$ cat model_3.pdb   # PDB, C-alpha atoms
MODEL        1
ATOM      1  CA  GLY O 754      25.290  -2.791   4.299  1.00  0.00           C
ATOM      2  CA  ALA O 755      23.516  -5.515   2.317  1.00  0.00           C
ATOM      3  CA  ALA O 756      24.048  -8.097   5.059  1.00  0.00           C
ATOM      4  CA  ALA O 757      22.745  -5.689   7.692  1.00  0.00           C
ATOM      5  CA  ALA O 758      19.719  -4.882   5.550  1.00  0.00           C
ATOM      6  CA  ALA O 759      19.018  -8.580   5.050  1.00  0.00           C
ATOM      7  CA  ALA O 760      19.232  -9.197   8.787  1.00  0.00           C
ATOM      8  CA  ALA O 761      16.981  -6.223   9.500  1.00  0.00           C
ATOM      9  CA  ALA O 762      14.530  -7.368   6.834  1.00  0.00           C
ATOM     10  CA  THR O 763      14.406 -10.859   8.360  1.00  0.00           C
ATOM     11  CA  ALA O 764      13.693  -9.459  11.810  1.00  0.00           C
ATOM     12  CA  ALA O 765      11.135  -7.032  10.417  1.00  0.00           C
ATOM     13  CA  THR O 766       9.389  -9.780   8.476  1.00  0.00           C
ATOM     14  CA  SER O 767       9.156 -11.914  11.606  1.00  0.00           C
ATOM     15  CA  THR O 768       7.712  -8.969  13.519  1.00  0.00           C
ATOM     16  CA  CYS O 769       5.285  -8.280  10.697  1.00  0.00           C
ATOM     17  CA  CYS O 770       4.116 -11.880  10.752  1.00  0.00           C
ATOM     18  CA  GLU O 771       3.598 -11.887  14.512  1.00  0.00           C
ATOM     19  CA  ALA O 772       1.742  -8.578  14.322  1.00  0.00           C
ATOM     20  CA  ARG O 773      -0.661 -10.018  11.759  1.00  0.00           C
ATOM     21  CA  HIS O 774      -1.522 -12.943  13.955  1.00  0.00           C
ATOM     22  CA  ASP O 775      -2.093 -10.712  16.988  1.00  0.00           C
ATOM     23  CA  ASP O 776      -5.376  -9.588  15.451  1.00  0.00           C
ATOM     24  CA  PRO O 777      -7.374 -12.244  13.576  1.00  0.00           C
ATOM     25  CA  ASP O 778      -9.384  -9.521  11.812  1.00  0.00           C
ATOM     26  CA  ASP O 779      -6.351  -7.919  10.110  1.00  0.00           C
ATOM     27  CA  GLU O 780      -6.377 -10.094   7.004  1.00  0.00           C
ATOM     28  CA  ASP O 781      -9.999  -9.257   6.207  1.00  0.00           C
ATOM     29  CA  ASP O 782      -9.261  -5.533   6.598  1.00  0.00           C
ATOM     30  CA  LEU O 783      -6.288  -5.838   4.256  1.00  0.00           C
ATOM     31  CA  ASP O 784      -8.072  -7.844   1.589  1.00  0.00           C
ATOM     32  CA  LEU O 785      -5.408 -10.522   1.688  1.00  0.00           C
ATOM     33  CA  HIS O 786      -7.937 -13.312   1.748  1.00  0.00           C
ATOM     34  CA  ASP O 787      -6.607 -16.741   0.867  1.00  0.00           C
ATOM     35  CA  GLU O 788      -8.221 -20.165   1.148  1.00  0.00           C
ATOM     36  CA  ASP O 789      -5.074 -21.515   2.798  1.00  0.00           C
ATOM     37  CA  ASP O 790      -5.466 -18.878   5.503  1.00  0.00           C
ATOM     38  CA  ASP O 791      -8.999 -20.121   6.187  1.00  0.00           C
ATOM     39  CA  ASP O 792      -7.679 -23.636   6.749  1.00  0.00           C
ATOM     40  CA  TYR O 793      -4.887 -22.300   8.943  1.00  0.00           C
ATOM     41  CA  HIS O 794      -7.163 -20.264  11.206  1.00  0.00           C
ATOM     42  CA  ALA O 795      -9.832 -22.941  11.268  1.00  0.00           C
ATOM     43  CA  GLY O 796      -7.291 -25.521  12.417  1.00  0.00           C
ATOM     44  CA  ALA O 797      -5.820 -23.190  15.012  1.00  0.00           C
ATOM     45  CA  HIS O 798      -9.264 -22.391  16.376  1.00  0.00           C
ATOM     46  CA  GLN O 799     -10.167 -26.054  16.547  1.00  0.00           C
ATOM     47  CA  HIS O 800      -7.081 -26.914  18.571  1.00  0.00           C
ATOM     48  CA  GLY O 801      -6.981 -23.778  20.707  1.00  0.00           C
ATOM     49  CA  SER O 802     -10.563 -23.443  21.914  1.00  0.00           C
ATOM     50  CA  ARG O 803     -14.063 -24.871  21.722  1.00  0.00           C
ATOM     51  CA  ASP O 804     -16.926 -23.141  19.907  1.00  0.00           C
ATOM     52  CA  GLU O 805     -19.063 -23.121  23.019  1.00  0.00           C
ATOM     53  CA  ASP O 806     -16.429 -21.109  24.872  1.00  0.00           C
ATOM     54  CA  HIS O 807     -17.089 -18.015  22.744  1.00  0.00           C
ATOM     55  CA  PRO O 808     -20.295 -16.333  21.512  1.00  0.00           C
ATOM     56  CA  LYS O 809     -20.785 -16.659  17.777  1.00  0.00           C
ATOM     57  CA  ASP O 810     -20.860 -12.869  17.347  1.00  0.00           C
ATOM     58  CA  SER O 811     -17.385 -12.310  18.824  1.00  0.00           C
ATOM     59  CA  PRO O 812     -14.025 -13.804  17.811  1.00  0.00           C
ATOM     60  CA  PRO O 813     -12.033 -15.888  20.270  1.00  0.00           C
ATOM     61  CA  PRO O 814      -9.067 -14.223  21.967  1.00  0.00           C
ATOM     62  CA  ALA O 815      -5.962 -14.008  19.776  1.00  0.00           C
ATOM     63  CA  SER O 816      -3.961 -15.848  22.417  1.00  0.00           C
ATOM     64  CA  GLU O 817      -6.155 -18.926  21.861  1.00  0.00           C
ATOM     65  CA  ILE O 818      -5.794 -18.764  18.064  1.00  0.00           C
ATOM     66  CA  TYR O 819      -2.070 -18.350  17.645  1.00  0.00           C
ATOM     67  CA  HIS O 820       0.866 -19.219  19.899  1.00  0.00           C
ATOM     68  CA  PRO O 821       4.148 -18.008  18.356  1.00  0.00           C
ATOM     69  CA  PRO O 822       6.934 -20.554  18.846  1.00  0.00           C
ATOM     70  CA  ASP O 823       9.787 -19.656  21.171  1.00  0.00           C
ATOM     71  CA  ASP O 824      12.497 -20.615  18.698  1.00  0.00           C
ATOM     72  CA  GLU O 825      13.456 -17.705  16.413  1.00  0.00           C
ATOM     73  CA  ALA O 826      14.294 -19.933  13.457  1.00  0.00           C
ATOM     74  CA  GLU O 827      10.921 -21.658  13.725  1.00  0.00           C
ATOM     75  CA  ARG O 828       9.144 -18.274  13.862  1.00  0.00           C
ATOM     76  CA  TYR O 829      11.011 -17.192  10.736  1.00  0.00           C
ATOM     77  CA  HIS O 830      10.086 -20.320   8.760  1.00  0.00           C
ATOM     78  CA  GLN O 831       6.478 -20.043   9.923  1.00  0.00           C
ATOM     79  CA  CYS O 832       6.334 -16.435   8.778  1.00  0.00           C
ATOM     80  CA  LEU O 833       7.978 -17.340   5.458  1.00  0.00           C
ATOM     81  CA  ALA O 834       5.391 -20.066   4.900  1.00  0.00           C
ATOM     82  CA  TYR O 835       2.631 -17.566   5.655  1.00  0.00           C
ATOM     83  CA  HIS O 836       3.841 -15.100   3.005  1.00  0.00           C
ATOM     84  CA  LYS O 837       4.446 -17.888   0.464  1.00  0.00           C
ATOM     85  CA  ALA O 838       0.792 -18.828   0.905  1.00  0.00           C
ATOM     86  CA  LEU O 839      -0.067 -15.255  -0.131  1.00  0.00           C
ATOM     87  CA  LEU O 840       2.391 -15.168  -3.053  1.00  0.00           C
ATOM     88  CA  TYR O 841      -0.320 -15.324  -5.721  1.00  0.00           C
ATOM     89  CA  SER O 842      -2.153 -12.420  -4.073  1.00  0.00           C
ATOM     90  CA  TYR O 843       1.049 -10.357  -3.899  1.00  0.00           C
ATOM     91  CA  ARG O 844       1.883 -11.009  -7.549  1.00  0.00           C
ATOM     92  CA  ARG O 845      -1.653 -10.187  -8.648  1.00  0.00           C
ATOM     93  CA  ARG O 846      -1.528  -6.849  -6.832  1.00  0.00           C
ATOM     94  CA  TRP O 847       2.049  -5.911  -7.748  1.00  0.00           C
ATOM     95  CA  ASP O 848       3.866  -5.437 -11.053  1.00  0.00           C
ATOM     96  CA  TRP O 849       6.860  -7.441  -9.861  1.00  0.00           C
ATOM     97  CA  ALA O 850       8.294  -8.587 -13.224  1.00  0.00           C
ATOM     98  CA  ASN O 851      10.623  -5.655 -13.862  1.00  0.00           C
ATOM     99  CA  LYS O 852      14.044  -6.848 -15.008  1.00  0.00           C
ATOM    100  CA  GLU O 853      15.462  -3.342 -15.461  1.00  0.00           C
ATOM    101  CA  SER O 854      15.778  -2.476 -11.764  1.00  0.00           C
ATOM    102  CA  ARG O 855      16.755  -4.107  -8.497  1.00  0.00           C
ATOM    103  CA  ILE O 856      13.568  -2.548  -7.060  1.00  0.00           C
ATOM    104  CA  PRO O 857      10.580  -3.763  -9.153  1.00  0.00           C
ATOM    105  CA  THR O 858       7.940  -1.193  -9.961  1.00  0.00           C
ATOM    106  CA  VAL O 859       4.648  -1.096  -8.128  1.00  0.00           C
ATOM    107  CA  SER O 860       1.507  -0.534 -10.179  1.00  0.00           C
ATOM    108  CA  TRP O 861      -0.083   2.420  -8.395  1.00  0.00           C
ATOM    109  CA  PRO O 862      -2.648   3.801  -8.303  1.00  0.00           C
ATOM    110  CA  THR O 863      -4.740   0.743  -8.975  1.00  0.00           C
ATOM    111  CA  ASN O 864      -7.991   2.639  -9.638  1.00  0.00           C
ATOM    112  CA  VAL O 865      -7.065   4.573 -12.798  1.00  0.00           C
ATOM    113  CA  PRO O 866     -10.243   4.725 -14.915  1.00  0.00           C
ATOM    114  CA  SER O 867     -10.515   2.874 -18.188  1.00  0.00           C
ATOM    115  CA  ASP O 868     -11.199   4.651 -21.477  1.00  0.00           C
ATOM    116  CA  GLU O 869     -14.853   3.644 -21.109  1.00  0.00           C
ATOM    117  CA  GLU O 870     -15.136   5.003 -17.569  1.00  0.00           C
ATOM    118  CA  ILE O 871     -13.401   8.345 -17.962  1.00  0.00           C
ATOM    119  CA  GLY O 872     -16.141  10.060 -20.023  1.00  0.00           C
ATOM    120  CA  PRO O 873     -18.930   9.891 -17.406  1.00  0.00           C
ATOM    121  CA  MET O 874     -16.461  10.612 -14.592  1.00  0.00           C
ATOM    122  CA  ALA O 875     -15.069  13.723 -16.292  1.00  0.00           C
ATOM    123  CA  SER O 876     -18.637  14.910 -16.983  1.00  0.00           C
ATOM    124  CA  ASP O 877     -19.545  14.496 -13.320  1.00  0.00           C
ATOM    125  CA  LEU O 878     -16.478  16.315 -12.024  1.00  0.00           C
ATOM    126  CA  PRO O 879     -17.539  19.964 -12.682  1.00  0.00           C
ATOM    127  CA  TYR O 880     -20.787  19.415 -10.763  1.00  0.00           C
ATOM    128  CA  CYS O 881     -19.375  17.424  -7.888  1.00  0.00           C
ATOM    129  CA  GLY O 882     -18.964  20.316  -5.437  1.00  0.00           C
ATOM    130  CA  ARG O 883     -22.223  22.093  -6.245  1.00  0.00           C
ATOM    131  CA  SER O 884     -24.515  19.820  -4.261  1.00  0.00           C
ATOM    132  CA  PRO O 885     -26.049  21.274  -1.062  1.00  0.00           C
ATOM    133  CA  ASN O 886     -24.651  18.146   0.595  1.00  0.00           C
ATOM    134  CA  TYR O 887     -21.130  18.844  -0.709  1.00  0.00           C
ATOM    135  CA  ARG O 888     -19.610  18.784   2.777  1.00  0.00           C
ATOM    136  CA  SER O 889     -20.682  15.178   3.209  1.00  0.00           C
ATOM    137  CA  ASP O 890     -19.681  14.382  -0.394  1.00  0.00           C
ATOM    138  CA  GLU O 891     -16.184  15.863  -0.164  1.00  0.00           C
ATOM    139  CA  LEU O 892     -14.528  12.462   0.183  1.00  0.00           C
ATOM    140  CA  TYR O 893     -16.313  11.244  -2.954  1.00  0.00           C
ATOM    141  CA  CYS O 894     -15.420  14.409  -4.871  1.00  0.00           C
ATOM    142  CA  ASN O 895     -11.740  14.254  -3.970  1.00  0.00           C
ATOM    143  CA  ARG O 896     -11.632  10.584  -4.917  1.00  0.00           C
ATOM    144  CA  LEU O 897     -13.262  11.451  -8.249  1.00  0.00           C
ATOM    145  CA  ARG O 898     -10.777  14.291  -8.848  1.00  0.00           C
ATOM    146  CA  PHE O 899      -7.872  11.978  -8.091  1.00  0.00           C
ATOM    147  CA  ARG O 900      -9.057   9.287 -10.487  1.00  0.00           C
ATOM    148  CA  VAL O 901      -9.625  11.783 -13.315  1.00  0.00           C
ATOM    149  CA  GLY O 902      -6.247  13.401 -12.658  1.00  0.00           C
ATOM    150  CA  SER O 903      -4.565  10.002 -12.628  1.00  0.00           C
ATOM    151  CA  TYR O 904      -6.117   9.099 -15.980  1.00  0.00           C
ATOM    152  CA  LEU O 905      -4.918  12.358 -17.578  1.00  0.00           C
ATOM    153  CA  LEU O 906      -1.420  11.846 -16.198  1.00  0.00           C
ATOM    154  CA  MET O 907      -0.991   8.160 -16.940  1.00  0.00           C
ATOM    155  CA  GLN O 908      -3.281   7.238 -19.830  1.00  0.00           C
ATOM    156  CA  SER O 909      -3.267  10.333 -22.023  1.00  0.00           C
ATOM    157  CA  HIS O 910      -0.557  10.964 -24.619  1.00  0.00           C
ATOM    158  CA  ASP O 911      -1.541  14.624 -24.960  1.00  0.00           C
ATOM    159  CA  PRO O 912       0.994  16.862 -23.120  1.00  0.00           C
ATOM    160  CA  GLU O 913      -1.690  19.454 -22.353  1.00  0.00           C
ATOM    161  CA  ALA O 914      -3.988  16.811 -20.884  1.00  0.00           C
ATOM    162  CA  GLN O 915      -1.110  15.555 -18.750  1.00  0.00           C
ATOM    163  CA  LYS O 916      -0.551  19.082 -17.430  1.00  0.00           C
ATOM    164  CA  ARG O 917      -4.250  19.322 -16.510  1.00  0.00           C
ATOM    165  CA  GLY O 918      -3.892  16.023 -14.671  1.00  0.00           C
ATOM    166  CA  LEU O 919      -0.819  17.334 -12.867  1.00  0.00           C
ATOM    167  CA  LYS O 920      -2.734  20.436 -11.764  1.00  0.00           C
ATOM    168  CA  ILE O 921      -5.547  18.312 -10.331  1.00  0.00           C
ATOM    169  CA  VAL O 922      -3.107  16.096  -8.442  1.00  0.00           C
ATOM    170  CA  ARG O 923      -1.004  19.030  -7.188  1.00  0.00           C
ATOM    171  CA  ASP O 924      -4.119  20.852  -5.913  1.00  0.00           C
ATOM    172  CA  LEU O 925      -5.159  17.725  -4.028  1.00  0.00           C
ATOM    173  CA  ALA O 926      -1.658  17.346  -2.590  1.00  0.00           C
ATOM    174  CA  GLU O 927      -1.594  20.939  -1.371  1.00  0.00           C
ATOM    175  CA  ARG O 928      -4.918  20.346   0.395  1.00  0.00           C
ATOM    176  CA  GLY O 929      -3.475  17.331   2.198  1.00  0.00           C
ATOM    177  CA  HIS O 930      -5.145  14.563   0.183  1.00  0.00           C
ATOM    178  CA  PRO O 931      -2.965  11.468   0.833  1.00  0.00           C
ATOM    179  CA  ASP O 932      -3.220   9.878  -2.624  1.00  0.00           C
ATOM    180  CA  GLY O 933      -2.692  13.288  -4.208  1.00  0.00           C
ATOM    181  CA  MET O 934       0.442  13.855  -2.117  1.00  0.00           C
ATOM    182  CA  CYS O 935       1.885  10.504  -3.148  1.00  0.00           C
ATOM    183  CA  SER O 936       1.035  10.966  -6.823  1.00  0.00           C
ATOM    184  CA  TYR O 937       2.476  14.479  -6.924  1.00  0.00           C
ATOM    185  CA  ALA O 938       5.666  13.139  -5.340  1.00  0.00           C
ATOM    186  CA  THR O 939       5.893  10.512  -8.086  1.00  0.00           C
ATOM    187  CA  CYS O 940       5.455  13.218 -10.736  1.00  0.00           C
ATOM    188  CA  LEU O 941       8.297  15.193  -9.152  1.00  0.00           C
ATOM    189  CA  ASN O 942      10.505  12.132  -8.875  1.00  0.00           C
ATOM    190  CA  GLU O 943      10.019  11.025 -12.481  1.00  0.00           C
ATOM    191  CA  GLY O 944       9.599  14.424 -14.141  1.00  0.00           C
ATOM    192  CA  ARG O 945       6.090  13.785 -15.427  1.00  0.00           C
ATOM    193  CA  ALA O 946       3.898  16.269 -17.319  1.00  0.00           C
ATOM    194  CA  GLY O 947       6.799  18.587 -18.153  1.00  0.00           C
ATOM    195  CA  LEU O 948       8.241  18.830 -14.642  1.00  0.00           C
ATOM    196  CA  ASP O 949      11.981  18.674 -14.118  1.00  0.00           C
ATOM    197  CA  PRO O 950      12.860  15.550 -12.092  1.00  0.00           C
ATOM    198  CA  ASN O 951      13.287  16.506  -8.441  1.00  0.00           C
ATOM    199  CA  PRO O 952      13.879  13.441  -6.220  1.00  0.00           C
ATOM    200  CA  ASP O 953      14.623  15.652  -3.195  1.00  0.00           C
ATOM    201  CA  GLN O 954      11.177  17.271  -3.247  1.00  0.00           C
ATOM    202  CA  ALA O 955       9.552  13.938  -4.050  1.00  0.00           C
ATOM    203  CA  ALA O 956      10.996  12.474  -0.862  1.00  0.00           C
ATOM    204  CA  VAL O 957       9.632  15.455   1.112  1.00  0.00           C
ATOM    205  CA  TRP O 958       6.086  14.809  -0.144  1.00  0.00           C
ATOM    206  CA  TRP O 959       6.312  11.058   0.439  1.00  0.00           C
ATOM    207  CA  ARG O 960       7.508  11.697   3.992  1.00  0.00           C
ATOM    208  CA  LEU O 961       4.623  14.122   4.619  1.00  0.00           C
ATOM    209  CA  ALA O 962       2.060  11.603   3.355  1.00  0.00           C
ATOM    210  CA  ALA O 963       3.640   8.813   5.389  1.00  0.00           C
ATOM    211  CA  ASP O 964       3.811  10.869   8.592  1.00  0.00           C
ATOM    212  CA  MET O 965       0.428  12.606   8.289  1.00  0.00           C
ATOM    213  CA  HIS O 966      -1.676   9.786   6.878  1.00  0.00           C
ATOM    214  CA  HIS O 967       0.322   6.538   7.298  1.00  0.00           C
ATOM    215  CA  HIS O 968      -0.096   6.251   3.519  1.00  0.00           C
ATOM    216  CA  PRO O 969       1.198   2.783   2.525  1.00  0.00           C
ATOM    217  CA  GLN O 970       2.341   3.642  -1.016  1.00  0.00           C
ATOM    218  CA  SER O 971       4.202   6.706   0.272  1.00  0.00           C
ATOM    219  CA  MET O 972       5.907   4.580   2.936  1.00  0.00           C
ATOM    220  CA  TYR O 973       6.943   2.123   0.232  1.00  0.00           C
ATOM    221  CA  GLU O 974       8.250   4.816  -2.118  1.00  0.00           C
ATOM    222  CA  LEU O 975      10.140   6.618   0.635  1.00  0.00           C
ATOM    223  CA  GLY O 976      11.632   3.270   1.638  1.00  0.00           C
ATOM    224  CA  VAL O 977      12.826   2.750  -1.942  1.00  0.00           C
ATOM    225  CA  ALA O 978      14.377   6.241  -1.946  1.00  0.00           C
ATOM    226  CA  LEU O 979      16.188   5.503   1.317  1.00  0.00           C
ATOM    227  CA  TYR O 980      17.330   2.100   0.084  1.00  0.00           C
ATOM    228  CA  THR O 981      18.746   3.481  -3.178  1.00  0.00           C
ATOM    229  CA  GLY O 982      19.853   6.882  -1.856  1.00  0.00           C
ATOM    230  CA  GLU O 983      17.783   8.741  -4.455  1.00  0.00           C
ATOM    231  CA  GLY O 984      16.718  12.160  -3.145  1.00  0.00           C
ATOM    232  CA  VAL O 985      17.761  11.314   0.425  1.00  0.00           C
ATOM    233  CA  ALA O 986      20.815   9.927   2.172  1.00  0.00           C
ATOM    234  CA  GLU O 987      20.971   6.144   1.844  1.00  0.00           C
ATOM    235  CA  ASP O 988      19.688   4.456   5.001  1.00  0.00           C
ATOM    236  CA  GLU O 989      18.780   0.790   4.618  1.00  0.00           C
ATOM    237  CA  ALA O 990      17.665   0.403   8.250  1.00  0.00           C
ATOM    238  CA  ARG O 991      15.089   3.201   7.896  1.00  0.00           C
ATOM    239  CA  ALA O 992      13.972   1.744   4.559  1.00  0.00           C
ATOM    240  CA  VAL O 993      13.281  -1.588   6.252  1.00  0.00           C
ATOM    241  CA  ARG O 994      11.300   0.123   9.032  1.00  0.00           C
ATOM    242  CA  LEU O 995       9.133   1.913   6.482  1.00  0.00           C
ATOM    243  CA  TRP O 996       8.535  -1.262   4.479  1.00  0.00           C
ATOM    244  CA  ARG O 997       7.541  -3.035   7.667  1.00  0.00           C
ATOM    245  CA  ARG O 998       4.995  -0.291   8.477  1.00  0.00           C
ATOM    246  CA  ALA O 999       3.593  -0.473   4.943  1.00  0.00           C
ATOM    247  CA  ALA O1000       3.499  -4.281   4.967  1.00  0.00           C
ATOM    248  CA  ASP O1001       1.659  -4.250   8.284  1.00  0.00           C
ATOM    249  CA  ILE O1002      -1.219  -2.400   6.601  1.00  0.00           C
ATOM    250  CA  GLY O1003      -1.268  -4.581   3.503  1.00  0.00           C
ATOM    251  CA  HIS O1004       1.192  -3.221   0.946  1.00  0.00           C
ATOM    252  CA  ALA O1005       2.261  -6.182  -1.188  1.00  0.00           C
ATOM    253  CA  GLY O1006       5.441  -4.589  -2.561  1.00  0.00           C
ATOM    254  CA  ALA O1007       6.667  -3.675   0.921  1.00  0.00           C
ATOM    255  CA  ALA O1008       6.013  -7.212   2.135  1.00  0.00           C
ATOM    256  CA  TYR O1009       8.026  -8.559  -0.806  1.00  0.00           C
ATOM    257  CA  MET O1010      10.956  -6.232  -0.067  1.00  0.00           C
ATOM    258  CA  LEU O1011      10.979  -7.357   3.570  1.00  0.00           C
ATOM    259  CA  GLY O1012      11.185 -10.965   2.442  1.00  0.00           C
ATOM    260  CA  ASP O1013      13.864 -10.142  -0.120  1.00  0.00           C
TER     261      ASP O1013
ENDMDL
END
$ encode --input "model_3.pdb" --output "structure tokens"
Amino acid sequence: GAAAAAAAATAATSTCCEARHDDPDDEDDLDLHDEDDDDYHAGAHQHGSRDEDHPKDSPPPASEIYHPPDDEAERYHQCLAYHKALLYSYRRRWDWANKESRIPTVSWPTNVPSDEEIGPMASDLPYCGRSPNYRSDELYCNRLRFRVGSYLLMQSHDPEAQKRGLKIVRDLAERGHPDGMCSYATCLNEGRAGLDPNPDQAAVWWRLAADMHHHPQSMYELGVALYTGEGVAEDEARAVRLWRRAADIGHAGAAYMLGD
């Protein structure tokens, strides 16, 4: 099983690397900016095409920027070098130093308010949906609800406040809010805010968020559940496929697990 997972992870990582280079705009979209990447793309552009061949307002074709080598081993080492260049970015975005588990924890969500921010945000929340322009502000309001709920769940030591946070997150999940679905699944999995741990139901919510919204954190968490057999039947091949999907849209933890 472990050998098969390692082989699948290697193949998935290679595919992930090639997919990234198919579209030169992907790294900007994923906020994985790195000075080494600038040098890499600049050098590839210099050798693959001339500036006068392309208008300044449009990128050159991907085929002129990157030519994947034919040799599989060379592709693997090239992909490995690419992810090593992003190692600092991955570590900065991921709580990887967890010695208690073979699957390090991922710090999510990353936008939990600070103690200084929560006061104004909580004051704004009751009025958020009362604007005549509420329909156009719904995305903002749901984001605000999620951040307040996350603070109550994760930063408060008051059991009643945690239950209020759980209610906010559960309401968002039941309305199909992707972050709310993922957070509610985590509450079920870990037994937060007085819930009994329920890994089976957690996996159901992560799968819904992954299938409905291509939610990267949900893909990662469902992959972990499949890899460890917690709440679902163990399936390392499916775990690798989910991590590859999450890594393709910028999830640092999923990219690390593919490389591991």
$ closest_residue --input "model_3.pdb" --among "O:Met972, O:His836, O:Gln908, O:Thr939" --to "Arg994 of chain O" --atoms "all atoms listed in the file"
O:Met972
$ closest_residue --input "model_3.pdb" --among "O:His930, O:Glu943, O:Ser903, O:Arg997" --to "Gly1012 of chain O" --atoms "only C-alpha atoms"
O:Arg997
$ residues_near_point --input "model_3.pdb" --point "(5.5, 1.9, -1.6)" --cutoff "9 Å" --atoms "only C-alpha atoms" --output "list in words"
Val859, Trp861, His968, Pro969, Gln970, Ser971, Met972, Tyr973, Glu974, Leu975, Gly976, Val977, Leu995, Trp996, Ala999, His1004, Ala1005, Gly1006 and Ala1007 of chain O
$ atom_distance --input "model_3.pdb" --atom1 "atom CA of Ser860 of chain O" --atom2 "atom CA of Glu987 of chain O"
23.8 Å
$ resolve_selection --input "model_3.pdb" --expression "the PyMOL selection byres ((chain O and resi 989) around 7)" --output "NGL selection string"
:O and (758 or 979-980 or 987-988 or 990-993)
$ axis_aligned_box --input "model_3.pdb" --around "segment 979-991 of chain O" --padding-each-side "3 Å" --output "JSON"
{"center_x": 18.0, "center_y": 6.3, "center_z": 1.9, "size_x": 11.9, "size_y": 17.8, "size_z": 18.7}
$ atom_distance --input "model_3.pdb" --atom1 "atom CA of Ile921 of chain O" --atom2 "atom CA of Tyr904 of chain O"
10.8 Å
$ resolve_selection --input "model_3.pdb" --expression "the PyMOL selection byres ((chain O and resi 949-958) around 7)" --output "list in words"
Met934, Cys935, Ala938, Thr939, Leu941, Asn942, Glu943, Gly944, Gly947, Leu948, Trp959, Arg960, Leu961, Ala962, Leu975, Glu983, Gly984 and Val985 of chain O
$ write_last_selection --input "model_3.pdb" --atoms "C-alpha atoms" --output "PDB file, keeping the file's coordinate frame"
ATOM      1  CA  MET O 934       0.442  13.855  -2.117  1.00  0.00           C
ATOM      2  CA  CYS O 935       1.885  10.504  -3.148  1.00  0.00           C
ATOM      3  CA  ALA O 938       5.666  13.139  -5.340  1.00  0.00           C
ATOM      4  CA  THR O 939       5.893  10.512  -8.086  1.00  0.00           C
ATOM      5  CA  LEU O 941       8.297  15.193  -9.152  1.00  0.00           C
ATOM      6  CA  ASN O 942      10.505  12.132  -8.875  1.00  0.00           C
ATOM      7  CA  GLU O 943      10.019  11.025 -12.481  1.00  0.00           C
ATOM      8  CA  GLY O 944       9.599  14.424 -14.141  1.00  0.00           C
ATOM      9  CA  GLY O 947       6.799  18.587 -18.153  1.00  0.00           C
ATOM     10  CA  LEU O 948       8.241  18.830 -14.642  1.00  0.00           C
ATOM     11  CA  TRP O 959       6.312  11.058   0.439  1.00  0.00           C
ATOM     12  CA  ARG O 960       7.508  11.697   3.992  1.00  0.00           C
ATOM     13  CA  LEU O 961       4.623  14.122   4.619  1.00  0.00           C
ATOM     14  CA  ALA O 962       2.060  11.603   3.355  1.00  0.00           C
ATOM     15  CA  LEU O 975      10.140   6.618   0.635  1.00  0.00           C
ATOM     16  CA  GLU O 983      17.783   8.741  -4.455  1.00  0.00           C
ATOM     17  CA  GLY O 984      16.718  12.160  -3.145  1.00  0.00           C
ATOM     18  CA  VAL O 985      17.761  11.314   0.425  1.00  0.00           C
TER      19      VAL O 985
END
